Every structure is written in C-alpha cells, then in structure tokens.
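With compact mmCIF, N, CA and C atoms inside, this is entry.txt:
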```txt
# COMPACT_ATOMS: atom_id res chain seq x y z
N PHE U 1111 -8.78 -61.13 32.15
CA PHE U 1111 -9.18 -62.52 32.19
C PHE U 1111 -10.47 -62.69 31.39
N ARG U 1112 -10.64 -63.87 30.82
CA ARG U 1112 -11.88 -64.22 30.15
C ARG U 1112 -12.46 -65.45 30.83
N ASP U 1113 -13.73 -65.72 30.54
CA ASP U 1113 -14.40 -66.91 31.07
C ASP U 1113 -14.30 -66.98 32.59
N ASN U 1114 -14.76 -65.92 33.26
CA ASN U 1114 -14.73 -65.94 34.71
C ASN U 1114 -16.14 -65.86 35.27
N ALA U 1115 -16.28 -66.31 36.49
CA ALA U 1115 -17.59 -66.33 37.14
C ALA U 1115 -17.40 -66.35 38.65
N ILE U 1116 -18.41 -65.90 39.35
CA ILE U 1116 -18.41 -66.00 40.80
C ILE U 1116 -18.95 -67.39 41.14
N TRP U 1117 -18.18 -68.15 41.89
CA TRP U 1117 -18.61 -69.46 42.34
C TRP U 1117 -18.91 -69.39 43.83
N ASN U 1118 -19.85 -70.19 44.26
CA ASN U 1118 -20.20 -70.26 45.68
C ASN U 1118 -19.99 -71.68 46.17
N CYS U 1119 -19.45 -71.80 47.37
CA CYS U 1119 -19.28 -73.11 47.99
C CYS U 1119 -19.50 -72.94 49.49
N THR U 1120 -19.37 -74.01 50.23
CA THR U 1120 -19.62 -73.94 51.67
C THR U 1120 -18.64 -73.01 52.37
N ALA U 1121 -17.44 -72.83 51.81
CA ALA U 1121 -16.44 -71.94 52.43
C ALA U 1121 -16.67 -70.48 52.04
N GLY U 1122 -17.58 -70.21 51.10
CA GLY U 1122 -17.86 -68.84 50.68
C GLY U 1122 -17.73 -68.68 49.17
N SER U 1123 -17.85 -67.45 48.73
CA SER U 1123 -17.77 -67.15 47.30
C SER U 1123 -16.34 -66.80 46.91
N TYR U 1124 -16.04 -66.96 45.61
CA TYR U 1124 -14.74 -66.56 45.08
C TYR U 1124 -14.86 -66.35 43.59
N LEU U 1125 -13.88 -65.66 43.00
CA LEU U 1125 -13.83 -65.47 41.57
C LEU U 1125 -13.08 -66.64 40.95
N HIS U 1126 -13.72 -67.32 39.99
CA HIS U 1126 -13.11 -68.46 39.30
C HIS U 1126 -12.82 -68.05 37.86
N VAL U 1127 -11.58 -68.27 37.41
CA VAL U 1127 -11.15 -67.91 36.07
C VAL U 1127 -10.71 -69.16 35.34
N ASP U 1128 -11.30 -69.42 34.15
CA ASP U 1128 -10.88 -70.55 33.32
C ASP U 1128 -9.73 -70.15 32.40
N ASP U 1129 -9.83 -68.97 31.79
CA ASP U 1129 -8.82 -68.49 30.86
C ASP U 1129 -7.96 -67.48 31.60
N ALA U 1130 -6.86 -67.95 32.19
CA ALA U 1130 -6.06 -67.12 33.09
C ALA U 1130 -4.90 -66.45 32.37
N VAL U 1131 -5.20 -65.78 31.26
CA VAL U 1131 -4.20 -65.00 30.55
C VAL U 1131 -4.54 -63.53 30.75
N VAL U 1132 -3.60 -62.78 31.31
CA VAL U 1132 -3.82 -61.37 31.58
C VAL U 1132 -3.73 -60.60 30.28
N SER U 1133 -4.66 -59.69 30.09
CA SER U 1133 -4.67 -58.82 28.92
C SER U 1133 -4.65 -57.38 29.41
N GLY U 1134 -3.68 -56.59 28.96
CA GLY U 1134 -3.58 -55.21 29.41
C GLY U 1134 -3.11 -55.18 30.85
N THR U 1135 -3.74 -54.34 31.65
CA THR U 1135 -3.42 -54.24 33.07
C THR U 1135 -4.61 -54.73 33.88
N VAL U 1136 -4.37 -55.69 34.76
CA VAL U 1136 -5.41 -56.23 35.63
C VAL U 1136 -4.98 -55.98 37.07
N ALA U 1137 -5.82 -55.28 37.81
CA ALA U 1137 -5.57 -55.03 39.23
C ALA U 1137 -6.54 -55.87 40.04
N LEU U 1138 -6.00 -56.74 40.87
CA LEU U 1138 -6.81 -57.57 41.75
C LEU U 1138 -6.66 -57.03 43.17
N THR U 1139 -7.77 -56.61 43.75
CA THR U 1139 -7.75 -56.08 45.11
C THR U 1139 -8.82 -56.76 45.93
N ARG U 1140 -8.76 -56.56 47.22
CA ARG U 1140 -9.78 -57.13 48.10
C ARG U 1140 -11.16 -56.56 47.76
N ALA U 1141 -11.18 -55.35 47.21
CA ALA U 1141 -12.46 -54.72 46.88
C ALA U 1141 -13.15 -55.37 45.68
N ASN U 1142 -12.38 -55.98 44.77
CA ASN U 1142 -13.01 -56.55 43.58
C ASN U 1142 -12.95 -58.08 43.52
N LEU U 1143 -12.61 -58.72 44.63
CA LEU U 1143 -12.62 -60.19 44.69
C LEU U 1143 -13.51 -60.64 45.84
N PRO U 1144 -14.49 -61.51 45.57
CA PRO U 1144 -15.31 -62.04 46.67
C PRO U 1144 -14.42 -62.79 47.66
N ASN U 1145 -14.52 -62.46 48.92
CA ASN U 1145 -13.71 -63.08 49.97
C ASN U 1145 -12.22 -63.02 49.71
N ASP U 1146 -11.80 -62.08 48.85
CA ASP U 1146 -10.38 -61.80 48.57
C ASP U 1146 -9.70 -62.91 47.76
N VAL U 1147 -10.47 -63.85 47.18
CA VAL U 1147 -9.89 -65.06 46.59
C VAL U 1147 -10.09 -65.11 45.07
N LEU U 1148 -8.99 -65.43 44.35
CA LEU U 1148 -9.03 -65.74 42.92
C LEU U 1148 -8.62 -67.20 42.76
N VAL U 1149 -9.48 -68.00 42.14
CA VAL U 1149 -9.18 -69.40 41.83
C VAL U 1149 -9.03 -69.51 40.33
N PHE U 1150 -7.95 -70.15 39.87
CA PHE U 1150 -7.79 -70.33 38.44
C PHE U 1150 -7.53 -71.80 38.12
N SER U 1151 -8.14 -72.25 37.01
CA SER U 1151 -8.08 -73.67 36.67
C SER U 1151 -7.18 -73.94 35.47
N ASN U 1152 -6.47 -72.95 35.02
CA ASN U 1152 -5.44 -73.11 33.99
C ASN U 1152 -4.22 -72.33 34.44
N THR U 1153 -3.09 -72.59 33.84
CA THR U 1153 -1.88 -71.85 34.17
C THR U 1153 -2.13 -70.36 34.02
N LEU U 1154 -1.69 -69.59 35.00
CA LEU U 1154 -1.83 -68.13 34.98
C LEU U 1154 -0.65 -67.56 34.21
N HIS U 1155 -0.94 -66.78 33.17
CA HIS U 1155 0.11 -66.23 32.32
C HIS U 1155 -0.04 -64.73 32.21
N VAL U 1156 1.06 -64.02 32.48
CA VAL U 1156 1.14 -62.58 32.28
C VAL U 1156 2.09 -62.38 31.09
N PRO U 1157 1.54 -62.22 29.88
CA PRO U 1157 2.40 -62.11 28.70
C PRO U 1157 3.14 -60.78 28.63
N SER U 1158 4.12 -60.72 27.77
CA SER U 1158 4.87 -59.49 27.54
C SER U 1158 3.90 -58.36 27.21
N GLY U 1159 4.09 -57.21 27.84
CA GLY U 1159 3.23 -56.06 27.62
C GLY U 1159 2.03 -56.00 28.54
N ALA U 1160 1.78 -57.06 29.32
CA ALA U 1160 0.65 -57.09 30.26
C ALA U 1160 1.17 -56.90 31.68
N THR U 1161 0.26 -56.48 32.57
CA THR U 1161 0.61 -56.25 33.98
C THR U 1161 -0.46 -56.85 34.87
N LEU U 1162 -0.02 -57.59 35.88
CA LEU U 1162 -0.91 -58.09 36.92
C LEU U 1162 -0.49 -57.42 38.22
N ASP U 1163 -1.40 -56.68 38.82
CA ASP U 1163 -1.14 -55.92 40.04
C ASP U 1163 -1.97 -56.54 41.17
N LEU U 1164 -1.29 -57.15 42.13
CA LEU U 1164 -1.97 -57.83 43.24
C LEU U 1164 -1.96 -56.92 44.46
N GLY U 1165 -3.15 -56.64 44.98
CA GLY U 1165 -3.27 -55.78 46.16
C GLY U 1165 -3.09 -56.56 47.45
N ALA U 1166 -2.91 -55.84 48.52
CA ALA U 1166 -2.73 -56.43 49.84
C ALA U 1166 -3.92 -57.31 50.20
N GLY U 1167 -3.63 -58.49 50.75
CA GLY U 1167 -4.67 -59.39 51.23
C GLY U 1167 -5.28 -60.31 50.19
N VAL U 1168 -4.83 -60.24 48.94
CA VAL U 1168 -5.37 -61.10 47.88
C VAL U 1168 -4.84 -62.53 48.06
N VAL U 1169 -5.71 -63.51 47.79
CA VAL U 1169 -5.34 -64.93 47.87
C VAL U 1169 -5.48 -65.53 46.48
N LEU U 1170 -4.42 -66.17 45.98
CA LEU U 1170 -4.45 -66.86 44.69
C LEU U 1170 -4.41 -68.35 44.94
N LYS U 1171 -5.38 -69.07 44.35
CA LYS U 1171 -5.50 -70.52 44.55
C LYS U 1171 -5.62 -71.22 43.21
N PRO U 1172 -4.57 -71.87 42.73
CA PRO U 1172 -4.71 -72.67 41.52
C PRO U 1172 -5.37 -74.00 41.87
N ILE U 1173 -6.12 -74.53 40.91
CA ILE U 1173 -6.68 -75.87 41.07
C ILE U 1173 -5.65 -76.84 40.53
N GLY U 1174 -5.12 -77.68 41.38
CA GLY U 1174 -4.09 -78.62 40.97
C GLY U 1174 -2.71 -77.97 41.03
N GLY U 1175 -1.77 -78.57 40.35
CA GLY U 1175 -0.39 -78.11 40.37
C GLY U 1175 -0.06 -77.15 39.26
N LEU U 1176 -0.82 -76.11 39.11
CA LEU U 1176 -0.62 -75.16 38.02
C LEU U 1176 0.50 -74.19 38.34
N ALA U 1177 0.95 -73.50 37.31
CA ALA U 1177 2.07 -72.57 37.44
C ALA U 1177 1.62 -71.15 37.11
N ILE U 1178 2.47 -70.20 37.48
CA ILE U 1178 2.29 -68.81 37.10
C ILE U 1178 3.51 -68.42 36.27
N TYR U 1179 3.27 -67.98 35.04
CA TYR U 1179 4.34 -67.54 34.15
C TYR U 1179 4.22 -66.04 33.94
N VAL U 1180 5.32 -65.33 34.18
CA VAL U 1180 5.32 -63.88 34.03
C VAL U 1180 6.36 -63.48 33.00
N ASP U 1181 5.89 -63.04 31.84
CA ASP U 1181 6.76 -62.48 30.81
C ASP U 1181 6.58 -60.97 30.75
N GLY U 1182 5.54 -60.47 31.41
CA GLY U 1182 5.26 -59.04 31.49
C GLY U 1182 5.66 -58.54 32.86
N ALA U 1183 4.74 -57.90 33.57
CA ALA U 1183 5.03 -57.34 34.89
C ALA U 1183 4.05 -57.89 35.93
N LEU U 1184 4.60 -58.19 37.10
CA LEU U 1184 3.80 -58.63 38.24
C LEU U 1184 4.17 -57.76 39.43
N PHE U 1185 3.19 -57.06 39.98
CA PHE U 1185 3.38 -56.26 41.17
C PHE U 1185 2.61 -56.90 42.30
N ALA U 1186 3.30 -57.19 43.39
CA ALA U 1186 2.68 -57.80 44.56
C ALA U 1186 2.77 -56.78 45.70
N ARG U 1187 1.66 -56.16 46.03
CA ARG U 1187 1.64 -55.04 46.98
C ARG U 1187 1.05 -55.47 48.33
N GLY U 1188 1.62 -56.53 48.88
CA GLY U 1188 1.17 -57.02 50.17
C GLY U 1188 1.65 -56.12 51.30
N ALA U 1189 1.18 -56.39 52.49
CA ALA U 1189 1.56 -55.65 53.69
C ALA U 1189 1.67 -56.65 54.85
N PRO U 1190 2.42 -56.31 55.89
CA PRO U 1190 2.53 -57.24 57.02
C PRO U 1190 1.17 -57.63 57.59
N SER U 1191 0.23 -56.71 57.61
CA SER U 1191 -1.09 -57.00 58.16
C SER U 1191 -2.03 -57.63 57.13
N ALA U 1192 -1.65 -57.60 55.84
CA ALA U 1192 -2.49 -58.16 54.77
C ALA U 1192 -1.59 -58.72 53.67
N PRO U 1193 -0.94 -59.86 53.94
CA PRO U 1193 -0.03 -60.41 52.94
C PRO U 1193 -0.79 -60.98 51.73
N ILE U 1194 -0.08 -61.08 50.63
CA ILE U 1194 -0.60 -61.79 49.46
C ILE U 1194 -0.28 -63.26 49.68
N VAL U 1195 -1.26 -64.13 49.46
CA VAL U 1195 -1.09 -65.55 49.74
C VAL U 1195 -1.22 -66.35 48.46
N PHE U 1196 -0.22 -67.19 48.19
CA PHE U 1196 -0.28 -68.16 47.10
C PHE U 1196 -0.45 -69.51 47.76
N THR U 1197 -1.57 -70.17 47.48
CA THR U 1197 -1.87 -71.44 48.13
C THR U 1197 -2.66 -72.32 47.16
N SER U 1198 -3.11 -73.45 47.60
CA SER U 1198 -3.92 -74.34 46.76
C SER U 1198 -5.00 -74.96 47.63
N PHE U 1199 -5.85 -75.75 46.98
CA PHE U 1199 -6.91 -76.43 47.74
C PHE U 1199 -6.37 -77.65 48.42
```
Give the structure from the file, written as structure tokens.
Amino acid sequence: FRDNAIWNCTAGSYLHVDDAVVSGTVALTRANLPNDVLVFSNTLHVPSGATLDLGAGVVLKPIGGLAIYVDGALFARGAPSAPIVFTSF
C-alpha cells in the first residue's frame, strides 16, 4: 500500500490507506494494525501477481460503498475465536 497513515479518533487508532493497491505480498495481522483495523478510502485491488494475506481478527472497513477486486491471491486466515470482519462505518 502507498499513502497510508495512522489515524486517531474517539473510537481508537487505525491504519488508513488512500492508495489501496497491493504490491507484492502484503500480510495484514493484528500485530501490525492498530486496533486490528484497516480503513481504505479507495477501492481495494489485489492485481495479478500480488497477494493479500489477512490474519485472524483483522477488520477491513471501506469508507463508503467501495469494492474489493482480486485478480491475484487473497488468503483469509480467520479463526472461530478471531474471525476476519468486512464491515463499514
């Protein structure tokens, strides 16, 4: 991802990404996301040859009605005790 920053709000901190195009392999885990949350303000795209690996307990929140397009690989490694959540504001 490019153009990302940690944002703070009354609900806590989170990683905010403006340019949500995956390059290479990106692993998102609870260890590397503030409060386990990734917020993206553009369509999330995993192009051919790229990989997005989502760890257990990760929360993805698009701003508005954005989409996720996967032309590469998406691994969602949730668990019953720590599901991966796709939600919005």
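The gap separating atom N of Ser1198 of chain U from atom C of Ser1151 of chain U is 12.8 Å, in Å to one decimal.
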Spatial neighbours of Ala1137 of chain U, max dist 6.5 Å, only N, CA and C atoms, sep filter under 2 positions, as a PDB file with N, CA and C atoms, in the coordinates of the input:
```
ATOM      1  N   THR U1135      -3.740 -54.340  31.650  1.00  0.00           N
ATOM      2  CA  THR U1135      -3.420 -54.240  33.070  1.00  0.00           C
ATOM      3  C   THR U1135      -4.610 -54.730  33.880  1.00  0.00           C
ATOM      4  N   THR U1139      -7.770 -56.610  43.750  1.00  0.00           N
ATOM      5  CA  THR U1139      -7.750 -56.080  45.110  1.00  0.00           C
ATOM      6  C   THR U1139      -8.820 -56.760  45.930  1.00  0.00           C
ATOM      7  N   THR U1161       0.260 -56.480  32.570  1.00  0.00           N
ATOM      8  CA  THR U1161       0.610 -56.250  33.980  1.00  0.00           C
ATOM      9  C   THR U1161      -0.460 -56.850  34.870  1.00  0.00           C
ATOM     10  N   LEU U1162      -0.020 -57.590  35.880  1.00  0.00           N
ATOM     11  CA  LEU U1162      -0.910 -58.090  36.920  1.00  0.00           C
ATOM     12  C   LEU U1162      -0.490 -57.420  38.220  1.00  0.00           C
ATOM     13  N   ASP U1163      -1.400 -56.680  38.820  1.00  0.00           N
ATOM     14  CA  ASP U1163      -1.140 -55.920  40.040  1.00  0.00           C
ATOM     15  C   ASP U1163      -1.970 -56.540  41.170  1.00  0.00           C
ATOM     16  N   LEU U1164      -1.290 -57.150  42.130  1.00  0.00           N
ATOM     17  CA  LEU U1164      -1.970 -57.830  43.240  1.00  0.00           C
ATOM     18  C   LEU U1164      -1.960 -56.920  44.460  1.00  0.00           C
ATOM     19  N   GLY U1165      -3.150 -56.640  44.980  1.00  0.00           N
ATOM     20  CA  GLY U1165      -3.270 -55.780  46.160  1.00  0.00           C
ATOM     21  C   GLY U1165      -3.090 -56.560  47.450  1.00  0.00           C
TER      22      GLY U1165
END
```
*Up to 8 Å from (1.6, -77.7, 44.2) in the file's coordinates: name the residues, counting all atoms listed in the file, as JSON, numbers by chain.*
{"U": [1174, 1175, 1176, 1197, 1198]}
Need the axis-aligned box for segment 1167-1172 of chain U with 6 Å each side, so what are the centre and edges in Å to one decimal, as AutoDock Vina command-line options?
```
--center_x -4.7 --center_y -66.2 --center_z 46.4 --size_x 14.1 --size_y 27.5 --size_z 21.7
```
*asked:* Report, in Å to a single decimal, how far apart atom N of Ala1177 of chain U and atom CA of Val1132 of chain U are.
replied: 14.2 Å
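Atom pair atom CA of Thr1153 of chain U / atom C of Val1195 of chain U: separated by 15.3 Å.
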*What's the 5 Å shell around segment 1178-1184 of chain U, counting only N, CA and C atoms, without same-chain residues fewer than 4 positions away, as a ChimeraX atom specification?*
/U:1154-1162
*If I put a ball of radius 6 Å at (-5.8, -66.1, 49.8) in the file's coordinates, which residues poke into it when counting all atoms listed in the file, written as a VMD selection string?*
chain U and resid 1146 to 1147 1167 to 1170 1195 to 1196
Writer output for current selection, N, CA and C atoms, as a PDB file, in the coordinates of the input:
```pdb
ATOM      1  N   ASP U1146     -11.800 -62.080  48.850  1.00  0.00           N
ATOM      2  CA  ASP U1146     -10.380 -61.800  48.570  1.00  0.00           C
ATOM      3  C   ASP U1146      -9.700 -62.910  47.760  1.00  0.00           C
ATOM      4  N   VAL U1147     -10.470 -63.850  47.180  1.00  0.00           N
ATOM      5  CA  VAL U1147      -9.890 -65.060  46.590  1.00  0.00           C
ATOM      6  C   VAL U1147     -10.090 -65.110  45.070  1.00  0.00           C
ATOM      7  N   GLY U1167      -3.630 -58.490  50.750  1.00  0.00           N
ATOM      8  CA  GLY U1167      -4.670 -59.390  51.230  1.00  0.00           C
ATOM      9  C   GLY U1167      -5.280 -60.310  50.190  1.00  0.00           C
ATOM     10  N   VAL U1168      -4.830 -60.240  48.940  1.00  0.00           N
ATOM     11  CA  VAL U1168      -5.370 -61.100  47.880  1.00  0.00           C
ATOM     12  C   VAL U1168      -4.840 -62.530  48.060  1.00  0.00           C
ATOM     13  N   VAL U1169      -5.710 -63.510  47.790  1.00  0.00           N
ATOM     14  CA  VAL U1169      -5.340 -64.930  47.870  1.00  0.00           C
ATOM     15  C   VAL U1169      -5.480 -65.530  46.480  1.00  0.00           C
ATOM     16  N   LEU U1170      -4.420 -66.170  45.980  1.00  0.00           N
ATOM     17  CA  LEU U1170      -4.450 -66.860  44.690  1.00  0.00           C
ATOM     18  C   LEU U1170      -4.410 -68.350  44.940  1.00  0.00           C
ATOM     19  N   VAL U1195      -1.260 -64.130  49.460  1.00  0.00           N
ATOM     20  CA  VAL U1195      -1.090 -65.550  49.740  1.00  0.00           C
ATOM     21  C   VAL U1195      -1.220 -66.350  48.460  1.00  0.00           C
ATOM     22  N   PHE U1196      -0.220 -67.190  48.190  1.00  0.00           N
ATOM     23  CA  PHE U1196      -0.280 -68.160  47.100  1.00  0.00           C
ATOM     24  C   PHE U1196      -0.450 -69.510  47.760  1.00  0.00           C
TER      25      PHE U1196
END
```
